[in-house]
Structure formats: structure tokens, C-alpha cells
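Below is coords_19.pdb, holding PDB, C-alpha atoms.
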```pdb
ATOM      1  CA  GLU A  26      99.284  96.795  95.933  1.00  0.00           C
ATOM      2  CA  ARG A  27      98.481  98.965  98.960  1.00  0.00           C
ATOM      3  CA  GLY A  28     102.114  99.760  99.703  1.00  0.00           C
ATOM      4  CA  ARG A  29     102.939 100.468  96.067  1.00  0.00           C
ATOM      5  CA  TRP A  30      99.877 102.670  95.694  1.00  0.00           C
ATOM      6  CA  ALA A  31     100.835 104.694  98.770  1.00  0.00           C
ATOM      7  CA  CYS A  32     104.399 105.140  97.524  1.00  0.00           C
ATOM      8  CA  ASP A  33     103.189 106.255  94.103  1.00  0.00           C
ATOM      9  CA  TYR A  34     100.629 108.618  95.632  1.00  0.00           C
ATOM     10  CA  LYS A  35     103.334 110.215  97.772  1.00  0.00           C
ATOM     11  CA  GLY A  36     105.731 110.463  94.839  1.00  0.00           C
ATOM     12  CA  LEU A  37     108.260 107.896  96.078  1.00  0.00           C
ATOM     13  CA  THR A  38     109.712 105.793  93.270  1.00  0.00           C
ATOM     14  CA  VAL A  39     110.216 102.167  94.231  1.00  0.00           C
ATOM     15  CA  GLU A  40     111.659  99.114  92.505  1.00  0.00           C
ATOM     16  CA  PRO A  41     109.342  96.185  93.266  1.00  0.00           C
ATOM     17  CA  ARG A  42     110.770  92.733  93.917  1.00  0.00           C
ATOM     18  CA  VAL A  43     108.382  89.786  93.715  1.00  0.00           C
ATOM     19  CA  LEU A  44     109.046  86.994  96.202  1.00  0.00           C
ATOM     20  CA  ILE A  45     107.890  83.412  95.738  1.00  0.00           C
ATOM     21  CA  PRO A  46     105.260  82.460  98.354  1.00  0.00           C
ATOM     22  CA  GLY A  47     106.711  80.115 100.944  1.00  0.00           C
ATOM     23  CA  LEU A  48     110.284  80.802  99.862  1.00  0.00           C
ATOM     24  CA  HIS A  49     109.799  84.435 100.853  1.00  0.00           C
ATOM     25  CA  ILE A  50     110.106  83.645 104.563  1.00  0.00           C
ATOM     26  CA  PRO A  51     113.930  83.423 104.809  1.00  0.00           C
ATOM     27  CA  VAL A  52     114.223  86.646 102.800  1.00  0.00           C
ATOM     28  CA  THR A  53     111.781  88.610 104.957  1.00  0.00           C
ATOM     29  CA  ARG A  54     113.348  87.295 108.157  1.00  0.00           C
ATOM     30  CA  LYS A  55     116.779  88.396 106.979  1.00  0.00           C
ATOM     31  CA  LEU A  56     115.596  91.847 105.933  1.00  0.00           C
ATOM     32  CA  THR A  57     113.753  92.476 109.196  1.00  0.00           C
ATOM     33  CA  LYS A  58     116.273  90.678 111.429  1.00  0.00           C
ATOM     34  CA  GLY A  59     113.653  88.132 112.393  1.00  0.00           C
ATOM     35  CA  ALA A  60     110.905  90.632 113.179  1.00  0.00           C
ATOM     36  CA  SER A  61     108.606  89.685 110.294  1.00  0.00           C
ATOM     37  CA  THR A  62     107.931  86.857 107.852  1.00  0.00           C
ATOM     38  CA  SER A  63     105.404  88.707 105.692  1.00  0.00           C
ATOM     39  CA  THR A  64     105.376  91.306 102.963  1.00  0.00           C
ATOM     40  CA  PRO A  65     105.383  94.104 101.957  1.00  0.00           C
ATOM     41  CA  ILE A  66     108.736  95.408 103.123  1.00  0.00           C
ATOM     42  CA  LEU A  67     110.120  98.792 102.104  1.00  0.00           C
ATOM     43  CA  VAL A  68     113.918  99.101 102.061  1.00  0.00           C
ATOM     44  CA  VAL A  69     115.154 102.700 101.932  1.00  0.00           C
ATOM     45  CA  ASN A  70     118.738 103.446 100.883  1.00  0.00           C
ATOM     46  CA  ASP A  71     119.739  99.884 101.830  1.00  0.00           C
ATOM     47  CA  ASP A  72     119.807 100.781 105.524  1.00  0.00           C
ATOM     48  CA  GLU A  73     116.230 101.487 106.677  1.00  0.00           C
ATOM     49  CA  VAL A  74     113.642  98.701 106.651  1.00  0.00           C
ATOM     50  CA  ILE A  75     109.918  99.279 107.151  1.00  0.00           C
ATOM     51  CA  ALA A  76     107.824  96.116 107.387  1.00  0.00           C
ATOM     52  CA  GLY A  77     104.083  95.923 106.852  1.00  0.00           C
ATOM     53  CA  SER A  78     101.676  98.073 104.868  1.00  0.00           C
ATOM     54  CA  ASP A  79     100.461 100.038 107.883  1.00  0.00           C
ATOM     55  CA  SER A  80     104.000 100.876 109.008  1.00  0.00           C
ATOM     56  CA  ILE A  81     104.893 101.877 105.450  1.00  0.00           C
ATOM     57  CA  LEU A  82     101.891 104.215 105.276  1.00  0.00           C
ATOM     58  CA  HIS A  83     102.781 105.810 108.628  1.00  0.00           C
ATOM     59  CA  TRP A  84     106.386 106.296 107.477  1.00  0.00           C
ATOM     60  CA  LEU A  85     105.273 107.847 104.198  1.00  0.00           C
ATOM     61  CA  GLU A  86     102.924 110.231 105.998  1.00  0.00           C
ATOM     62  CA  LYS A  87     105.802 111.510 108.142  1.00  0.00           C
ATOM     63  CA  GLN A  88     108.361 111.719 105.346  1.00  0.00           C
ATOM     64  CA  PHE A  89     106.035 113.137 102.686  1.00  0.00           C
ATOM     65  CA  PRO A  90     103.358 115.300 104.374  1.00  0.00           C
ATOM     66  CA  GLU A  91     102.217 116.655 101.015  1.00  0.00           C
ATOM     67  CA  LYS A  92      98.988 115.077  99.783  1.00  0.00           C
ATOM     68  CA  PRO A  93      98.065 113.854 103.278  1.00  0.00           C
ATOM     69  CA  LEU A  94      96.284 110.549 103.727  1.00  0.00           C
ATOM     70  CA  THR A  95      94.730 111.449 107.064  1.00  0.00           C
ATOM     71  CA  TYR A  96      93.259 114.493 108.855  1.00  0.00           C
ATOM     72  CA  GLU A  97      94.652 116.979 111.335  1.00  0.00           C
ATOM     73  CA  ASP A  98      91.366 116.823 113.227  1.00  0.00           C
ATOM     74  CA  PRO A  99      91.940 114.231 115.992  1.00  0.00           C
ATOM     75  CA  ALA A 100      88.475 112.705 115.771  1.00  0.00           C
ATOM     76  CA  LEU A 101      88.660 112.238 112.018  1.00  0.00           C
ATOM     77  CA  ALA A 102      92.251 110.979 112.221  1.00  0.00           C
ATOM     78  CA  THR A 103      91.159 108.363 114.764  1.00  0.00           C
ATOM     79  CA  GLU A 104      88.293 107.304 112.516  1.00  0.00           C
ATOM     80  CA  VAL A 105      90.685 106.919 109.587  1.00  0.00           C
ATOM     81  CA  GLU A 106      92.818 104.548 111.668  1.00  0.00           C
ATOM     82  CA  GLU A 107      89.777 102.581 112.804  1.00  0.00           C
ATOM     83  CA  VAL A 108      88.343 102.167 109.315  1.00  0.00           C
ATOM     84  CA  THR A 109      91.758 101.252 107.930  1.00  0.00           C
ATOM     85  CA  ALA A 110      92.123  98.538 110.572  1.00  0.00           C
ATOM     86  CA  LEU A 111      88.581  97.315 109.872  1.00  0.00           C
ATOM     87  CA  PHE A 112      89.302  96.627 106.200  1.00  0.00           C
ATOM     88  CA  GLU A 113      92.741  95.200 106.932  1.00  0.00           C
ATOM     89  CA  GLY A 114      91.128  92.625 109.180  1.00  0.00           C
ATOM     90  CA  LEU A 115      88.184  91.879 106.925  1.00  0.00           C
ATOM     91  CA  VAL A 116      89.967  91.553 103.618  1.00  0.00           C
ATOM     92  CA  GLY A 117      93.742  91.185 103.888  1.00  0.00           C
ATOM     93  CA  ALA A 118      94.664  87.614 104.805  1.00  0.00           C
ATOM     94  CA  PRO A 119      91.107  86.217 104.389  1.00  0.00           C
ATOM     95  CA  PHE A 120      91.018  87.295 100.731  1.00  0.00           C
ATOM     96  CA  ARG A 121      94.464  85.860 100.039  1.00  0.00           C
ATOM     97  CA  ARG A 122      93.490  82.486 101.477  1.00  0.00           C
ATOM     98  CA  ALA A 123      90.284  82.282  99.442  1.00  0.00           C
ATOM     99  CA  TYR A 124      91.993  83.267  96.207  1.00  0.00           C
ATOM    100  CA  PHE A 125      95.012  80.984  96.623  1.00  0.00           C
ATOM    101  CA  ASP A 126      92.704  78.064  97.466  1.00  0.00           C
ATOM    102  CA  TYR A 127      90.692  78.678  94.312  1.00  0.00           C
ATOM    103  CA  VAL A 128      93.750  78.881  92.068  1.00  0.00           C
ATOM    104  CA  LEU A 129      95.537  75.903  93.614  1.00  0.00           C
ATOM    105  CA  LYS A 130      92.457  73.744  93.126  1.00  0.00           C
ATOM    106  CA  THR A 131      91.222  75.011  89.779  1.00  0.00           C
ATOM    107  CA  TYR A 132      94.378  76.059  87.908  1.00  0.00           C
ATOM    108  CA  PRO A 133      97.355  73.967  89.072  1.00  0.00           C
ATOM    109  CA  GLY A 134     100.669  75.503  88.141  1.00  0.00           C
ATOM    110  CA  LEU A 135      99.394  79.037  87.646  1.00  0.00           C
ATOM    111  CA  LEU A 136     100.839  80.506  90.848  1.00  0.00           C
ATOM    112  CA  THR A 137     104.220  78.991  90.079  1.00  0.00           C
ATOM    113  CA  ARG A 138     104.223  80.575  86.618  1.00  0.00           C
ATOM    114  CA  MET A 139     103.068  83.943  87.992  1.00  0.00           C
ATOM    115  CA  PHE A 140     105.725  84.171  90.683  1.00  0.00           C
ATOM    116  CA  THR A 141     108.606  83.056  88.478  1.00  0.00           C
ATOM    117  CA  LEU A 142     107.978  85.356  85.503  1.00  0.00           C
ATOM    118  CA  ASP A 143     111.245  87.229  86.055  1.00  0.00           C
ATOM    119  CA  ARG A 144     113.274  84.191  87.110  1.00  0.00           C
ATOM    120  CA  GLY A 145     115.761  82.215  85.024  1.00  0.00           C
ATOM    121  CA  PRO A 146     115.107  78.833  83.374  1.00  0.00           C
ATOM    122  CA  ALA A 147     116.725  76.879  86.213  1.00  0.00           C
ATOM    123  CA  THR A 148     114.511  78.499  88.865  1.00  0.00           C
ATOM    124  CA  LYS A 149     111.391  77.968  86.768  1.00  0.00           C
ATOM    125  CA  LEU A 150     112.228  74.296  86.265  1.00  0.00           C
ATOM    126  CA  GLY A 151     113.024  73.821  89.942  1.00  0.00           C
ATOM    127  CA  MET A 152     109.761  75.423  90.988  1.00  0.00           C
ATOM    128  CA  ARG A 153     107.753  73.232  88.619  1.00  0.00           C
ATOM    129  CA  ILE A 154     109.375  70.142  90.096  1.00  0.00           C
ATOM    130  CA  ALA A 155     108.849  71.347  93.662  1.00  0.00           C
ATOM    131  CA  GLU A 156     105.337  72.634  93.044  1.00  0.00           C
ATOM    132  CA  PRO A 157     103.376  69.905  94.919  1.00  0.00           C
ATOM    133  CA  ALA A 158     105.499  70.384  98.028  1.00  0.00           C
ATOM    134  CA  MET A 159     105.376  74.182  97.682  1.00  0.00           C
ATOM    135  CA  ASN A 160     101.584  74.106  97.483  1.00  0.00           C
ATOM    136  CA  LEU A 161     101.427  72.187 100.745  1.00  0.00           C
ATOM    137  CA  LEU A 162     103.877  74.640 102.305  1.00  0.00           C
ATOM    138  CA  LEU A 163     101.789  77.587 101.124  1.00  0.00           C
ATOM    139  CA  ARG A 164      98.603  76.102 102.562  1.00  0.00           C
ATOM    140  CA  ALA A 165     100.293  75.464 105.900  1.00  0.00           C
ATOM    141  CA  ALA A 166     102.108  78.809 106.083  1.00  0.00           C
ATOM    142  CA  ASP A 167      98.998  80.822 105.211  1.00  0.00           C
ATOM    143  CA  ASN A 168      96.554  78.667 107.214  1.00  0.00           C
ATOM    144  CA  ILE A 169      94.450  77.826 104.153  1.00  0.00           C
ATOM    145  CA  THR A 170      91.684  75.525 105.369  1.00  0.00           C
ATOM    146  CA  PRO A 171      88.027  75.042 104.367  1.00  0.00           C
ATOM    147  CA  GLU A 172      87.031  77.205 107.316  1.00  0.00           C
ATOM    148  CA  THR A 173      89.403  80.088 106.548  1.00  0.00           C
ATOM    149  CA  VAL A 174      88.491  79.971 102.853  1.00  0.00           C
ATOM    150  CA  ALA A 175      84.778  80.257 103.671  1.00  0.00           C
ATOM    151  CA  GLU A 176      85.614  83.138 105.985  1.00  0.00           C
ATOM    152  CA  GLY A 177      87.455  84.862 103.134  1.00  0.00           C
ATOM    153  CA  TYR A 178      84.463  84.779 100.803  1.00  0.00           C
ATOM    154  CA  ALA A 179      82.086  85.939 103.532  1.00  0.00           C
ATOM    155  CA  ASN A 180      84.423  88.770 104.535  1.00  0.00           C
ATOM    156  CA  MET A 181      84.615  90.090 100.996  1.00  0.00           C
ATOM    157  CA  ASP A 182      80.815  90.346 100.931  1.00  0.00           C
ATOM    158  CA  THR A 183      80.815  92.091 104.306  1.00  0.00           C
ATOM    159  CA  ALA A 184      83.538  94.540 103.247  1.00  0.00           C
ATOM    160  CA  LEU A 185      81.691  95.536 100.074  1.00  0.00           C
ATOM    161  CA  ASP A 186      78.524  96.077 102.108  1.00  0.00           C
ATOM    162  CA  GLU A 187      80.534  98.208 104.550  1.00  0.00           C
ATOM    163  CA  VAL A 188      81.878 100.323 101.689  1.00  0.00           C
ATOM    164  CA  MET A 189      78.351 101.126 100.539  1.00  0.00           C
ATOM    165  CA  VAL A 190      77.265 102.229 104.001  1.00  0.00           C
ATOM    166  CA  ARG A 191      80.319 104.358 104.727  1.00  0.00           C
ATOM    167  CA  ASN A 192      80.640 106.205 101.407  1.00  0.00           C
ATOM    168  CA  ALA A 193      76.931 107.030 101.055  1.00  0.00           C
ATOM    169  CA  ASP A 194      77.180 110.656 102.236  1.00  0.00           C
ATOM    170  CA  THR A 195      80.395 111.968 100.628  1.00  0.00           C
ATOM    171  CA  GLY A 196      81.734 109.203  98.379  1.00  0.00           C
ATOM    172  CA  TYR A 197      84.599 108.655 100.835  1.00  0.00           C
ATOM    173  CA  LEU A 198      84.839 106.301 103.797  1.00  0.00           C
ATOM    174  CA  VAL A 199      85.877 108.985 106.299  1.00  0.00           C
ATOM    175  CA  GLY A 200      85.150 112.689 105.959  1.00  0.00           C
ATOM    176  CA  ASP A 201      85.014 114.425 102.602  1.00  0.00           C
ATOM    177  CA  ARG A 202      88.294 113.515 100.898  1.00  0.00           C
ATOM    178  CA  PHE A 203      90.588 110.640  99.956  1.00  0.00           C
ATOM    179  CA  THR A 204      92.478 109.106 102.874  1.00  0.00           C
ATOM    180  CA  LYS A 205      94.381 105.926 103.623  1.00  0.00           C
ATOM    181  CA  ALA A 206      91.060 104.379 104.653  1.00  0.00           C
ATOM    182  CA  ASP A 207      89.895 104.655 101.033  1.00  0.00           C
ATOM    183  CA  LEU A 208      93.293 103.578  99.728  1.00  0.00           C
ATOM    184  CA  THR A 209      93.302 100.532 101.999  1.00  0.00           C
ATOM    185  CA  ALA A 210      89.753  99.440 101.211  1.00  0.00           C
ATOM    186  CA  ALA A 211      90.099  99.955  97.453  1.00  0.00           C
ATOM    187  CA  SER A 212      93.486  98.271  97.156  1.00  0.00           C
ATOM    188  CA  LEU A 213      92.367  95.248  99.165  1.00  0.00           C
ATOM    189  CA  LEU A 214      88.986  94.993  97.443  1.00  0.00           C
ATOM    190  CA  CYS A 215      90.408  95.279  93.926  1.00  0.00           C
ATOM    191  CA  GLY A 216      90.238  91.488  94.035  1.00  0.00           C
ATOM    192  CA  THR A 217      86.479  91.754  93.598  1.00  0.00           C
ATOM    193  CA  CYS A 218      86.576  93.619  90.282  1.00  0.00           C
ATOM    194  CA  TRP A 219      90.144  93.945  88.931  1.00  0.00           C
ATOM    195  CA  PRO A 220      90.317  97.683  88.098  1.00  0.00           C
ATOM    196  CA  ARG A 221      92.305  98.473  84.957  1.00  0.00           C
ATOM    197  CA  SER A 222      94.293 101.153  86.780  1.00  0.00           C
ATOM    198  CA  LEU A 223      96.218  98.667  88.924  1.00  0.00           C
ATOM    199  CA  SER A 224      99.960  99.252  88.930  1.00  0.00           C
ATOM    200  CA  PHE A 225     101.119  95.743  88.110  1.00  0.00           C
ATOM    201  CA  THR A 226     100.688  93.480  85.120  1.00  0.00           C
ATOM    202  CA  ILE A 227     100.088  89.749  85.036  1.00  0.00           C
ATOM    203  CA  PRO A 228      99.922  87.206  82.212  1.00  0.00           C
ATOM    204  CA  ASP A 229      96.719  87.081  80.201  1.00  0.00           C
ATOM    205  CA  GLU A 230      96.056  83.586  81.565  1.00  0.00           C
ATOM    206  CA  ALA A 231      96.199  84.827  85.145  1.00  0.00           C
ATOM    207  CA  ARG A 232      94.050  87.861  84.373  1.00  0.00           C
ATOM    208  CA  THR A 233      91.371  85.617  82.877  1.00  0.00           C
ATOM    209  CA  VAL A 234      91.421  83.379  85.956  1.00  0.00           C
ATOM    210  CA  PHE A 235      91.222  86.397  88.264  1.00  0.00           C
ATOM    211  CA  GLU A 236      88.309  87.890  86.384  1.00  0.00           C
ATOM    212  CA  ASP A 237      86.470  84.548  86.385  1.00  0.00           C
ATOM    213  CA  TRP A 238      87.000  84.216  90.120  1.00  0.00           C
ATOM    214  CA  SER A 239      85.868  87.770  90.882  1.00  0.00           C
ATOM    215  CA  SER A 240      82.763  87.531  88.694  1.00  0.00           C
ATOM    216  CA  ARG A 241      80.744  86.494  91.761  1.00  0.00           C
ATOM    217  CA  TRP A 242      80.841  90.133  92.897  1.00  0.00           C
ATOM    218  CA  ALA A 243      80.144  91.680  89.479  1.00  0.00           C
ATOM    219  CA  ASP A 244      76.682  92.896  90.476  1.00  0.00           C
ATOM    220  CA  HIS A 245      77.618  94.246  93.895  1.00  0.00           C
ATOM    221  CA  PRO A 246      77.452  98.075  93.850  1.00  0.00           C
ATOM    222  CA  GLY A 247      80.504  98.225  96.107  1.00  0.00           C
ATOM    223  CA  THR A 248      82.712  97.215  93.196  1.00  0.00           C
ATOM    224  CA  ALA A 249      81.725 100.396  91.332  1.00  0.00           C
ATOM    225  CA  TRP A 250      83.121 102.408  94.245  1.00  0.00           C
ATOM    226  CA  VAL A 251      86.356 100.397  94.169  1.00  0.00           C
ATOM    227  CA  ARG A 252      86.801 101.046  90.451  1.00  0.00           C
ATOM    228  CA  SER A 253      86.006 104.733  90.870  1.00  0.00           C
ATOM    229  CA  ILE A 254      88.555 105.240  93.639  1.00  0.00           C
ATOM    230  CA  CYS A 255      91.230 103.323  91.739  1.00  0.00           C
ATOM    231  CA  ASP A 256      90.565 105.223  88.510  1.00  0.00           C
ATOM    232  CA  ARG A 257      90.626 108.614  90.245  1.00  0.00           C
ATOM    233  CA  TYR A 258      93.542 108.133  92.635  1.00  0.00           C
ATOM    234  CA  ARG A 259      95.624 105.155  91.563  1.00  0.00           C
ATOM    235  CA  THR A 260      97.114 107.062  88.640  1.00  0.00           C
ATOM    236  CA  ALA A 261      97.900 110.134  90.768  1.00  0.00           C
TER     237      ALA A 261
END
```

Go ahead and express the file in the form of C-alpha cells.
Amino acid sequence: ERGRWACDYKGLTVEPRVLIPGLHIPVTRKLTKGASTSTPILVVNDDEVIAGSDSILHWLEKQFPEKPLTYEDPALATEVEEVTALFEGLVGAPFRRAYFDYVLKTYPGLLTRMFTLDRGPATKLGMRIAEPAMNLLLRAADNITPETVAEGYANMDTALDEVMVRNADTGYLVGDRFTKADLTAASLLCGTCWPRSLSFTIPDEARTVFEDWSSRWADHPGTAWVRSICDRYRTA
């Protein structure tokens, strides 16, 4: 979501392609010539490949300086980078591990259905057959263990607390306007409250599961900030 949000905010139209977890690795390795096995990856004009959300945001800032996501002031620009990195570390992979663990345990088959929505009947059937093995592959590839899952839940709490401290003065995490620090925190923390302004759609079944899972943070005031930022800037 972070990469798509940044592209939309900068006015760059993209055509998303959803990759199946686990099976995405050969695709990402091919696109990046072995440099990366993770997403997102932005392919520009079939000849330029930018891997990773942070690299995509840096590229967008250079190519589309309008509506800047950082500051010219060196001190503030440095703080934007630091806060962005803070939320990347707290929420990114830790959140994904906690959520995937919950879904794999509580709603078997849901991830397979979600990631094959736009695939043909043969692929859907093959994925259903291979699902037990794919679940094991996903757990191994993403290091989903009881310890990393517990870390994910704890980190989400910490990140929401951090949001409340940092936005207290101006409503923004750094300085007095929207930057990639806000974009990063809000896009990663949307898993705590599921804002209606998100750019992608999922089946009603998956939405219900997501909302049930995120209900543990319903009373945290940090989720109100996440919704506010998404509602004000996600539709820009």
C-alpha cells in the first residue's frame, strides 16, 4: 500500500500486479536480477526497476518534485528519514508475520483465495491442492514463529503509542505538514483499523476477517490519526 499511495500522491499511474506469497520469489529475483526477493517493485517503461518501498519513494521524490514528501531544511529532512525508518522497522515485516499467522491458523484457505482472485481456474485449483505445502513455505520464507508473531503484536502497540507522541503538537509526525514519515506510518498501521480510503479492494470475507483481527486496537487513539491521515491524503 505504501508504494501505491506514494505513486498516486505523486500522480504516477501504475498497474498493480499481485504476486502469490512464496511463489513471488522467482519473479522478484528475475525482475531485480537477483538483487531482491521481496516486494514492492516498480517497473518503469519495462527497462527501469526500482525495488523496495523506500527506494521507490526516493525515486518518486526526484522524478516528481511537486507535492514534496520531505523538507528542504536539512535537519527536518533527516528527521523525516529517521522517523520513516523507525516505522518501517517497527511495523513492516513484524505486522505481516502476525497477520499471516492469525489467518493461517484461524481461516485456512483465505490467503490462497485472496491471492488468486485474478487467476484462472487451473491456477486456483493448483493452489488449493498445494496450499498445505505453500503455508509451510510462507512460514519459513517470512520467518513466522511464535516469537516473531508476539513481536509483531507488541510492535503495533508501540508504533501506535509513538504516533500519539509525535503528532501531538502539529498533527504530523515531523514538522507541520504531510511527509513520507506520515505516509509510511499510516500505510503500515492501516492494519490496525482498516481505513475505508485504502486503494485496494478485497473480498467481503477477507475484510470481515481483517476487521475482526484489528479490533484489538479499536480503542487506541492512534488509530484515529491513521484514519485521519488516510482520509485526508490517500485520495489526493

>> Starting from the PyMOL selection byres ((chain A and resi 160) around 10), expand the selection into actual residues of this file and give them as a count of residues only.
In response: 20

> Written as number ranges by chain, which residues does the PyMOL selection byres ((chain A and resi 58-72) around 12) give for the file shown?
Replying inline: A: 26-32, 37-57, 73-82, 84-85, 88, 117-118, 166-167

Residues near Ala243 of chain A, cut-off 12 Å, all atoms listed in the file, skip fewer than 3 positions along chain, as a PDB file with C-alpha atoms, in the coordinates of the input:
```pdb
ATOM      1  CA  ASP A 182      80.815  90.346 100.931  1.00  0.00           C
ATOM      2  CA  LEU A 185      81.691  95.536 100.074  1.00  0.00           C
ATOM      3  CA  CYS A 215      90.408  95.279  93.926  1.00  0.00           C
ATOM      4  CA  GLY A 216      90.238  91.488  94.035  1.00  0.00           C
ATOM      5  CA  THR A 217      86.479  91.754  93.598  1.00  0.00           C
ATOM      6  CA  CYS A 218      86.576  93.619  90.282  1.00  0.00           C
ATOM      7  CA  TRP A 219      90.144  93.945  88.931  1.00  0.00           C
ATOM      8  CA  PRO A 220      90.317  97.683  88.098  1.00  0.00           C
ATOM      9  CA  GLU A 236      88.309  87.890  86.384  1.00  0.00           C
ATOM     10  CA  ASP A 237      86.470  84.548  86.385  1.00  0.00           C
ATOM     11  CA  TRP A 238      87.000  84.216  90.120  1.00  0.00           C
ATOM     12  CA  SER A 239      85.868  87.770  90.882  1.00  0.00           C
ATOM     13  CA  SER A 240      82.763  87.531  88.694  1.00  0.00           C
ATOM     14  CA  PRO A 246      77.452  98.075  93.850  1.00  0.00           C
ATOM     15  CA  GLY A 247      80.504  98.225  96.107  1.00  0.00           C
ATOM     16  CA  THR A 248      82.712  97.215  93.196  1.00  0.00           C
ATOM     17  CA  ALA A 249      81.725 100.396  91.332  1.00  0.00           C
ATOM     18  CA  VAL A 251      86.356 100.397  94.169  1.00  0.00           C
ATOM     19  CA  ARG A 252      86.801 101.046  90.451  1.00  0.00           C
TER      20      ARG A 252
END
```

>> Using all atoms listed in the file for the distances, tell me which of A:Ala210, A:Cys255, A:Lys205, A:Leu135 is nearest to Thr103 of chain A.
In response: A:Lys205

>> Residues within 12 Å of Ala184 of chain A, please, as an MDAnalysis selection string. Count all atoms listed in the file; anything in the same chain fewer than 5 positions from it doesn't count.
In response: chainID A and resid 108:117 119:120 176:179 189:191 198 209:211 213:217 242 245:248 250:251

Since we have the selection now, will you write its residues out, keeping C-alpha atoms, as a compact mmCIF listing (two decimals), in the frame of the given file?
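This went into part-v3.txt:
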```txt
# COMPACT_ATOMS: atom_id res chain seq x y z
CA VAL A 108 88.34 102.17 109.32
CA THR A 109 91.76 101.25 107.93
CA ALA A 110 92.12 98.54 110.57
CA LEU A 111 88.58 97.32 109.87
CA PHE A 112 89.30 96.63 106.20
CA GLU A 113 92.74 95.20 106.93
CA GLY A 114 91.13 92.62 109.18
CA LEU A 115 88.18 91.88 106.92
CA VAL A 116 89.97 91.55 103.62
CA GLY A 117 93.74 91.18 103.89
CA PRO A 119 91.11 86.22 104.39
CA PHE A 120 91.02 87.30 100.73
CA GLU A 176 85.61 83.14 105.98
CA GLY A 177 87.46 84.86 103.13
CA TYR A 178 84.46 84.78 100.80
CA ALA A 179 82.09 85.94 103.53
CA MET A 189 78.35 101.13 100.54
CA VAL A 190 77.26 102.23 104.00
CA ARG A 191 80.32 104.36 104.73
CA LEU A 198 84.84 106.30 103.80
CA THR A 209 93.30 100.53 102.00
CA ALA A 210 89.75 99.44 101.21
CA ALA A 211 90.10 99.96 97.45
CA LEU A 213 92.37 95.25 99.16
CA LEU A 214 88.99 94.99 97.44
CA CYS A 215 90.41 95.28 93.93
CA GLY A 216 90.24 91.49 94.04
CA THR A 217 86.48 91.75 93.60
CA TRP A 242 80.84 90.13 92.90
CA HIS A 245 77.62 94.25 93.90
CA PRO A 246 77.45 98.08 93.85
CA GLY A 247 80.50 98.22 96.11
CA THR A 248 82.71 97.22 93.20
CA TRP A 250 83.12 102.41 94.24
CA VAL A 251 86.36 100.40 94.17
```

Might I get the box with edges along x, y and z of the file that holds all atoms of segment 180-189 of chain A listed there, padded by 3 Å on every side, given as centre and edge lengths in Å to one decimal, as AutoDock Vina command-line options?
```
--center_x 81.5 --center_y 94.9 --center_z 102.3 --size_x 12.3 --size_y 18.4 --size_z 10.5
```

>> For a quick check of your reading of the model, name the residues lying within 12 Å of the coordinate (97.7, 113.9, 101.7), counting all atoms listed in the file, and write them as JSON, numbers by chain.
In response: {"A": [31, 32, 34, 35, 36, 82, 83, 85, 86, 87, 88, 89, 90, 91, 92, 93, 94, 95, 96, 97, 202, 203, 204, 205, 206, 208, 258, 261]}
